[in-house]
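Asker: Submitted below is the structure of interest, expressed as structure tokens.
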Amino acid sequence: MATQASNVGSAATFDSSQDNSGIGGHPRGLTTLFFTEMWERFSYYGMRALLILYMTTAVTGGGMGMDTKTAASIYGAYVGSVYLMSIPGGWIADRVLGTRRSVLIGGIIIALGHFSLAFPSNYTFFAGLVLIVLGTGLLKPNVSTIVGELYSPQDQRRDAGFSIFYMGINIGASLAPLVCSYLGEQINWHLGFAAAGIGMTFGLIQYVLGRDRLAHVGHPPTQSSAETRKRGIQGVLFMAAISAAVVLLFFGPEPIVKNQSLIMVGGVVLFIGWLFLFFLKPEEKKPVGAIIILFLFAIIFWACYEQAGSSFSLFARDLTDRRVFGREFPAGWYQSLPAIFVVALTPLFVLLWKKLGDKQPSSPVKFSLGLLFVGLGASLLLVASLLLVSGGKAGPWWLVG
């Protein structure tokens, strides 16, 4: 308790506006979080580049020999669970652990998950997926929260700080498939999964070494031990309920699995109805309504975007000519492209919006253009697929496009 009181006291006296010793004149804690998230995304996207390819590769090729439908269901359940777990993960950080401790524990669980995948067993495979889901639920939402806590509400560096943080995400996402896909596809699948675990371990090491930079943020709430126990149990039950719902939707009785989309849509509608009828105050309904509209369109965007790790990846392996200068490169390398384009094009868009000034499109219009282009990307592969009806393979530039 004395240590916690000391930490709280230091947080109260710490002036973040005077801290400019980090990346680009930002608080030094941003440097620690930049590399933590970079390595966490390295582990996530490195493993994702291998996941569906490993599941659908024949047992004789070192894979699991699953059919595409089963593998796609597991991939969908995994990716959906990763993002759903952000809800209980954020709740546990707010009510029990604090954001800083949640990030540490989440990172440890993620690393254990990747190393579990490094062992050639069906049991360790599914255990690894569950561990990564739980760990990501604790780390992913809370590391972003800590970034915001580094700045006071009046600090004009906040938006630029998040932009720098976002670059770390995409650097990790661009490097991971290059490393993990090469090791997994060309040498041994489990070596690729282990590389993802090593990446997360690097992130944990530098996070622990840089803990003093974050000493003034991310503290757990002040509460009695009985209240901590109670809320901890509630958090575990919260995570268990979401996990059970995902398992039921994707691997439960056939009538549920067949109608999983309708059930999920129905669940969202019921939740929104409860939110507006019984929970929100009158003055809260309009801003929350705007959030829900963006939320619904974001579902469409991410449903398309996550095809990069499933249908696009299978297209790369089975229907794309990947030979360059007589050598075939790994199918997973294509998954580096979105992040590479983000890193390369973001400065150009920043300059474009700056030049347009007041004439630039509004945020909803930019969001709509993003949906349009991600749809055109999928349409491009539709055209390529139609051209392959008579056989053969598509050129490598279709997926780049």
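Following the order of the structure tokens, first chain is A, next is B, and so on, with residues numbered from 1 inside each chain and ligands from 1 in the order they appear.
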Pick out the residues sitting within 10 Å of A:Leu84, and hand them over as a ChimeraX atom specification; count only C-alpha atoms, and ignore anything fewer than 3 positions along from it in its own chain.
Answerer: /A:78-81,87-89,133-134,136-137,239,242-243,246
Asker: For stretch 352-369 of chain A, find every residue with an atom within 9 Å (counting only C-alpha atoms), except residues of its own chain fewer than 5 positions away, and show them as a short mmCIF file (atom, residue, chain, number, x, y, z; two decimals) with N, CA, C and O atoms, in the first residue's frame.
Answerer:
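In the end it all went to result_22.cif:
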```
data_model
loop_
_atom_site.label_atom_id
_atom_site.label_comp_id
_atom_site.auth_asym_id
_atom_site.auth_seq_id
_atom_site.Cartn_x
_atom_site.Cartn_y
_atom_site.Cartn_z
N LEU A 294 -20.94 4.55 -37.08
CA LEU A 294 -19.56 4.26 -37.48
C LEU A 294 -19.19 2.81 -37.15
O LEU A 294 -18.50 2.15 -37.93
N PHE A 297 -20.55 0.39 -39.84
CA PHE A 297 -19.77 0.42 -41.08
C PHE A 297 -18.35 -0.11 -40.87
O PHE A 297 -17.75 -0.67 -41.78
N ALA A 298 -17.84 0.06 -39.65
CA ALA A 298 -16.53 -0.51 -39.34
C ALA A 298 -16.56 -2.03 -39.40
O ALA A 298 -15.58 -2.66 -39.79
N PRO A 347 2.12 9.73 -45.04
CA PRO A 347 2.67 11.09 -45.19
C PRO A 347 2.09 11.82 -46.40
O PRO A 347 1.88 13.05 -46.34
N VAL A 374 -11.70 -0.49 -50.27
CA VAL A 374 -11.50 -1.86 -49.81
C VAL A 374 -12.43 -2.80 -50.58
O VAL A 374 -12.08 -3.96 -50.88
#
```
Asker: Of the candidates A:Phe295, A:Phe250, A:Phe202, A:Tyr305, which shows the shortest atom-to-atom distance to A:Ile272, using only C-alpha atoms?
Answerer: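 Counting only C-alpha atoms, the residue closest to A:Ile272 is A:Phe295.
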Asker: So that I can see what lies close to stretch 146-163 of chain A, please list as an mmCIF file with N, CA, C and O atoms, in the first residue's frame the residues with an atom at most 12 Å from it, counting only C-alpha atoms and leaving out residues fewer than 3 positions away in the same chain.
Answerer:
```cif
data_model
loop_
_atom_site.group_PDB
_atom_site.id
_atom_site.type_symbol
_atom_site.label_atom_id
_atom_site.label_comp_id
_atom_site.auth_asym_id
_atom_site.auth_seq_id
_atom_site.Cartn_x
_atom_site.Cartn_y
_atom_site.Cartn_z
ATOM 1 N N ALA A 11 2.448 10.409 -9.584
ATOM 2 C CA ALA A 11 1.592 10.696 -10.722
ATOM 3 C C ALA A 11 0.976 12.072 -10.598
ATOM 4 O O ALA A 11 0.818 12.788 -11.580
ATOM 5 N N PHE A 14 3.695 14.719 -11.420
ATOM 6 C CA PHE A 14 4.359 14.625 -12.719
ATOM 7 C C PHE A 14 3.675 15.538 -13.733
ATOM 8 O O PHE A 14 2.456 15.500 -13.891
ATOM 9 N N ASP A 15 4.443 16.368 -14.402
ATOM 10 C CA ASP A 15 3.908 17.288 -15.409
ATOM 11 C C ASP A 15 4.275 16.763 -16.786
ATOM 12 O O ASP A 15 5.401 16.923 -17.252
ATOM 13 N N SER A 16 3.315 16.087 -17.464
ATOM 14 C CA SER A 16 3.589 15.467 -18.766
ATOM 15 C C SER A 16 3.907 16.494 -19.839
ATOM 16 O O SER A 16 4.594 16.186 -20.817
ATOM 17 N N SER A 17 3.422 17.725 -19.681
ATOM 18 C CA SER A 17 3.661 18.747 -20.708
ATOM 19 C C SER A 17 5.132 19.134 -20.779
ATOM 20 O O SER A 17 5.581 19.693 -21.786
ATOM 21 N N GLN A 18 5.892 18.842 -19.701
ATOM 22 C CA GLN A 18 7.318 19.180 -19.688
ATOM 23 C C GLN A 18 8.192 18.022 -20.178
ATOM 24 O O GLN A 18 9.412 18.174 -20.270
ATOM 25 N N ASP A 19 7.569 16.881 -20.451
ATOM 26 C CA ASP A 19 8.321 15.691 -20.863
ATOM 27 C C ASP A 19 8.378 15.637 -22.387
ATOM 28 O O ASP A 19 7.389 15.371 -23.055
ATOM 29 N N ASN A 20 9.553 15.908 -22.948
ATOM 30 C CA ASN A 20 9.719 15.863 -24.405
ATOM 31 C C ASN A 20 10.971 15.077 -24.795
ATOM 32 O O ASN A 20 11.585 15.342 -25.821
ATOM 33 N N GLY A 22 11.129 11.845 -25.484
ATOM 34 C CA GLY A 22 10.868 10.636 -26.264
ATOM 35 C C GLY A 22 10.969 10.879 -27.763
ATOM 36 O O GLY A 22 11.570 11.868 -28.221
ATOM 37 N N ILE A 23 10.356 10.002 -28.543
ATOM 38 C CA ILE A 23 10.392 10.097 -30.001
ATOM 39 C C ILE A 23 9.808 11.432 -30.455
ATOM 40 O O ILE A 23 8.703 11.800 -30.059
ATOM 41 N N GLY A 24 10.565 12.175 -31.263
ATOM 42 C CA GLY A 24 10.051 13.402 -31.872
ATOM 43 C C GLY A 24 9.587 14.454 -30.892
ATOM 44 O O GLY A 24 8.661 15.213 -31.179
ATOM 45 N N GLY A 25 10.224 14.505 -29.694
ATOM 46 C CA GLY A 25 9.829 15.506 -28.724
ATOM 47 C C GLY A 25 8.578 15.164 -27.938
ATOM 48 O O GLY A 25 7.964 16.039 -27.322
ATOM 49 N N HIS A 26 8.206 13.906 -27.921
ATOM 50 C CA HIS A 26 7.021 13.451 -27.171
ATOM 51 C C HIS A 26 7.448 12.864 -25.835
ATOM 52 O O HIS A 26 8.647 12.655 -25.589
ATOM 53 N N PRO A 27 6.492 12.592 -24.929
ATOM 54 C CA PRO A 27 6.855 11.976 -23.645
ATOM 55 C C PRO A 27 7.649 10.696 -23.843
ATOM 56 O O PRO A 27 7.379 9.914 -24.766
ATOM 57 N N ARG A 28 8.601 10.465 -22.954
ATOM 58 C CA ARG A 28 9.485 9.305 -23.136
ATOM 59 C C ARG A 28 8.735 7.984 -23.033
ATOM 60 O O ARG A 28 9.178 6.968 -23.574
ATOM 61 N N GLY A 29 7.587 7.987 -22.353
ATOM 62 C CA GLY A 29 6.792 6.764 -22.284
ATOM 63 C C GLY A 29 6.280 6.318 -23.636
ATOM 64 O O GLY A 29 6.017 5.124 -23.848
ATOM 65 N N LEU A 30 6.138 7.264 -24.576
ATOM 66 C CA LEU A 30 5.657 6.899 -25.911
ATOM 67 C C LEU A 30 6.639 5.957 -26.610
ATOM 68 O O LEU A 30 6.223 5.068 -27.350
ATOM 69 N N THR A 31 7.934 6.157 -26.365
ATOM 70 C CA THR A 31 8.940 5.284 -26.973
ATOM 71 C C THR A 31 8.751 3.843 -26.514
ATOM 72 O O THR A 31 8.780 2.906 -27.320
ATOM 73 N N THR A 32 8.532 3.668 -25.213
ATOM 74 C CA THR A 32 8.297 2.322 -24.674
ATOM 75 C C THR A 32 7.054 1.694 -25.280
ATOM 76 O O THR A 32 7.065 0.534 -25.710
ATOM 77 N N LEU A 33 5.962 2.458 -25.353
ATOM 78 C CA LEU A 33 4.704 1.923 -25.889
ATOM 79 C C LEU A 33 4.794 1.694 -27.395
ATOM 80 O O LEU A 33 4.178 0.754 -27.914
ATOM 81 N N PHE A 34 5.544 2.535 -28.095
ATOM 82 C CA PHE A 34 5.758 2.372 -29.542
ATOM 83 C C PHE A 34 6.339 0.987 -29.832
ATOM 84 O O PHE A 34 5.825 0.239 -30.673
ATOM 85 N N THR A 36 6.537 -1.602 -27.686
ATOM 86 C CA THR A 36 5.685 -2.674 -27.157
ATOM 87 C C THR A 36 4.639 -3.075 -28.187
ATOM 88 O O THR A 36 4.453 -4.261 -28.476
ATOM 89 N N GLU A 37 3.951 -2.070 -28.735
ATOM 90 C CA GLU A 37 2.895 -2.370 -29.705
ATOM 91 C C GLU A 37 3.474 -2.849 -31.030
ATOM 92 O O GLU A 37 2.867 -3.687 -31.705
ATOM 93 N N GLY A 90 -10.707 -4.410 -21.367
ATOM 94 C CA GLY A 90 -10.756 -3.024 -20.913
ATOM 95 C C GLY A 90 -11.443 -2.905 -19.563
ATOM 96 O O GLY A 90 -11.038 -2.121 -18.696
ATOM 97 N N ALA A 93 -9.086 -3.986 -16.789
ATOM 98 C CA ALA A 93 -8.075 -2.953 -16.537
ATOM 99 C C ALA A 93 -8.659 -1.804 -15.722
ATOM 100 O O ALA A 93 -8.029 -1.306 -14.783
ATOM 101 N N ASP A 94 -9.877 -1.379 -16.071
ATOM 102 C CA ASP A 94 -10.516 -0.256 -15.381
ATOM 103 C C ASP A 94 -10.890 -0.597 -13.940
ATOM 104 O O ASP A 94 -10.791 0.242 -13.042
ATOM 105 N N GLY A 98 -5.678 -2.243 -13.554
ATOM 106 C CA GLY A 98 -5.021 -1.040 -14.061
ATOM 107 C C GLY A 98 -4.464 -1.330 -15.445
ATOM 108 O O GLY A 98 -4.140 -2.481 -15.780
ATOM 109 N N THR A 99 -4.326 -0.307 -16.272
ATOM 110 C CA THR A 99 -3.921 -0.524 -17.666
ATOM 111 C C THR A 99 -2.480 -1.011 -17.783
ATOM 112 O O THR A 99 -2.177 -1.885 -18.604
ATOM 113 N N ARG A 100 -1.577 -0.474 -16.957
ATOM 114 C CA ARG A 100 -0.161 -0.827 -17.095
ATOM 115 C C ARG A 100 0.071 -2.303 -16.781
ATOM 116 O O ARG A 100 0.764 -3.008 -17.522
ATOM 117 N N ARG A 101 -0.532 -2.786 -15.703
ATOM 118 C CA ARG A 101 -0.372 -4.195 -15.336
ATOM 119 C C ARG A 101 -1.095 -5.105 -16.327
ATOM 120 O O ARG A 101 -0.625 -6.215 -16.626
ATOM 121 N N SER A 102 -2.224 -4.657 -16.867
ATOM 122 C CA SER A 102 -2.964 -5.457 -17.851
ATOM 123 C C SER A 102 -2.134 -5.691 -19.106
ATOM 124 O O SER A 102 -2.143 -6.786 -19.684
ATOM 125 N N VAL A 103 -1.417 -4.652 -19.545
ATOM 126 C CA VAL A 103 -0.570 -4.787 -20.731
ATOM 127 C C VAL A 103 0.527 -5.820 -20.482
ATOM 128 O O VAL A 103 0.813 -6.675 -21.335
ATOM 129 N N LEU A 139 -4.107 -6.741 -23.589
ATOM 130 C CA LEU A 139 -3.080 -5.795 -24.039
ATOM 131 C C LEU A 139 -3.600 -4.747 -25.016
ATOM 132 O O LEU A 139 -3.370 -3.545 -24.842
ATOM 133 N N LYS A 140 -4.303 -5.182 -26.050
ATOM 134 C CA LYS A 140 -4.598 -4.316 -27.192
ATOM 135 C C LYS A 140 -5.356 -3.034 -26.817
ATOM 136 O O LYS A 140 -4.941 -1.944 -27.205
ATOM 137 N N PRO A 141 -6.477 -3.104 -26.093
ATOM 138 C CA PRO A 141 -7.195 -1.854 -25.798
ATOM 139 C C PRO A 141 -6.468 -0.983 -24.787
ATOM 140 O O PRO A 141 -6.592 0.250 -24.805
ATOM 141 N N ASN A 142 -5.689 -1.600 -23.898
ATOM 142 C CA ASN A 142 -5.121 -0.861 -22.777
ATOM 143 C C ASN A 142 -3.820 -0.156 -23.102
ATOM 144 O O ASN A 142 -3.509 0.882 -22.524
ATOM 145 N N VAL A 143 -3.059 -0.694 -24.057
ATOM 146 C CA VAL A 143 -1.827 0.002 -24.437
ATOM 147 C C VAL A 143 -2.173 1.332 -25.116
ATOM 148 O O VAL A 143 -1.497 2.348 -24.920
ATOM 149 N N TYR A 166 0.766 4.704 -34.164
ATOM 150 C CA TYR A 166 0.160 3.944 -35.253
ATOM 151 C C TYR A 166 1.222 3.486 -36.253
ATOM 152 O O TYR A 166 1.115 2.405 -36.841
ATOM 153 N N MET A 167 2.262 4.297 -36.447
ATOM 154 C CA MET A 167 3.357 3.892 -37.326
ATOM 155 C C MET A 167 4.071 2.669 -36.764
ATOM 156 O O MET A 167 4.490 1.772 -37.501
ATOM 157 N N GLY A 168 4.212 2.615 -35.434
ATOM 158 C CA GLY A 168 4.824 1.436 -34.812
ATOM 159 C C GLY A 168 4.031 0.183 -35.103
ATOM 160 O O GLY A 168 4.595 -0.879 -35.379
ATOM 161 N N ILE A 169 2.700 0.293 -35.033
ATOM 162 C CA ILE A 169 1.822 -0.834 -35.354
ATOM 163 C C ILE A 169 2.113 -1.349 -36.761
ATOM 164 O O ILE A 169 2.278 -2.556 -36.986
ATOM 165 N N ASN A 170 2.197 -0.441 -37.713
ATOM 166 C CA ASN A 170 2.343 -0.853 -39.107
ATOM 167 C C ASN A 170 3.759 -1.296 -39.460
ATOM 168 O O ASN A 170 3.942 -2.113 -40.371
ATOM 169 N N ARG A 213 9.354 4.859 -17.103
ATOM 170 C CA ARG A 213 8.802 5.920 -17.954
ATOM 171 C C ARG A 213 7.280 5.996 -17.857
ATOM 172 O O ARG A 213 6.681 6.987 -18.257
ATOM 173 N N LEU A 214 6.676 4.929 -17.344
ATOM 174 C CA LEU A 214 5.211 4.860 -17.267
ATOM 175 C C LEU A 214 4.713 4.827 -15.826
ATOM 176 O O LEU A 214 3.553 4.517 -15.570
ATOM 177 N N ALA A 215 5.603 5.161 -14.889
ATOM 178 C CA ALA A 215 5.259 5.024 -13.472
ATOM 179 C C ALA A 215 4.110 5.925 -13.054
ATOM 180 O O ALA A 215 3.450 5.658 -12.041
ATOM 181 N N HIS A 216 3.850 6.998 -13.807
ATOM 182 C CA HIS A 216 2.823 7.976 -13.408
ATOM 183 C C HIS A 216 1.458 7.699 -14.035
ATOM 184 O O HIS A 216 0.515 8.462 -13.822
ATOM 185 N N VAL A 217 1.336 6.618 -14.811
ATOM 186 C CA VAL A 217 0.063 6.324 -15.480
ATOM 187 C C VAL A 217 -0.328 4.862 -15.244
ATOM 188 O O VAL A 217 0.483 4.046 -14.807
ATOM 189 N N GLY A 218 -1.607 4.537 -15.557
ATOM 190 C CA GLY A 218 -2.047 3.146 -15.599
ATOM 191 C C GLY A 218 -2.181 2.434 -14.283
ATOM 192 O O GLY A 218 -2.044 1.211 -14.212
ATOM 193 N N HIS A 219 -2.471 3.160 -13.182
ATOM 194 C CA HIS A 219 -2.566 2.511 -11.873
ATOM 195 C C HIS A 219 -3.910 1.797 -11.709
ATOM 196 O O HIS A 219 -4.933 2.252 -12.242
ATOM 197 N N VAL A 342 0.408 1.589 -45.854
ATOM 198 C CA VAL A 342 0.017 2.571 -44.834
ATOM 199 C C VAL A 342 1.214 3.452 -44.464
ATOM 200 O O VAL A 342 1.115 4.682 -44.404
ATOM 201 N N VAL A 343 2.357 2.817 -44.203
ATOM 202 C CA VAL A 343 3.560 3.570 -43.839
ATOM 203 C C VAL A 343 3.981 4.505 -44.963
ATOM 204 O O VAL A 343 4.345 5.662 -44.735
ATOM 205 N N THR A 346 0.691 7.269 -45.800
ATOM 206 C CA THR A 346 0.185 8.181 -44.774
ATOM 207 C C THR A 346 0.789 9.579 -44.879
ATOM 208 O O THR A 346 0.052 10.576 -44.831
ATOM 209 N N PRO A 347 2.124 9.727 -45.036
ATOM 210 C CA PRO A 347 2.671 11.085 -45.189
ATOM 211 C C PRO A 347 2.090 11.824 -46.396
ATOM 212 O O PRO A 347 1.878 13.046 -46.339
ATOM 213 N N VAL A 350 -1.354 13.014 -45.439
ATOM 214 C CA VAL A 350 -1.232 14.146 -44.508
ATOM 215 C C VAL A 350 -0.959 15.434 -45.281
ATOM 216 O O VAL A 350 -1.568 16.481 -45.021
#
```
Asker: Kindly indicate which residue among A:Tyr182, A:Phe271, A:Phe126, A:Phe165 lies nearest to A:Thr145, using only C-alpha atoms for the distances.
Answerer: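 Using only C-alpha atoms, A:Thr145 sits closest to A:Phe165.
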Asker: Tell me which of A:Val383, A:Ile105, A:Val130, A:Val288 sits closest to A:Ala244, counting only C-alpha atoms.
Answerer: A:Val130
Asker: So which residues of stretch 33-222 of chain A fall under alpha helix (DSSP H) by DSSP, listed as an NGL selection string?
Answerer: :A and (33-56 or 68-84 or 86-92 or 99-117 or 122-149 or 158-181 or 189-209)
Asker: Using only C-alpha atoms, pick whichever of A:Ser21, A:Ser310, A:Thr124, A:Ser86 has the shortest atom-to-atom distance to A:Thr70.
Answerer: A:Ser310
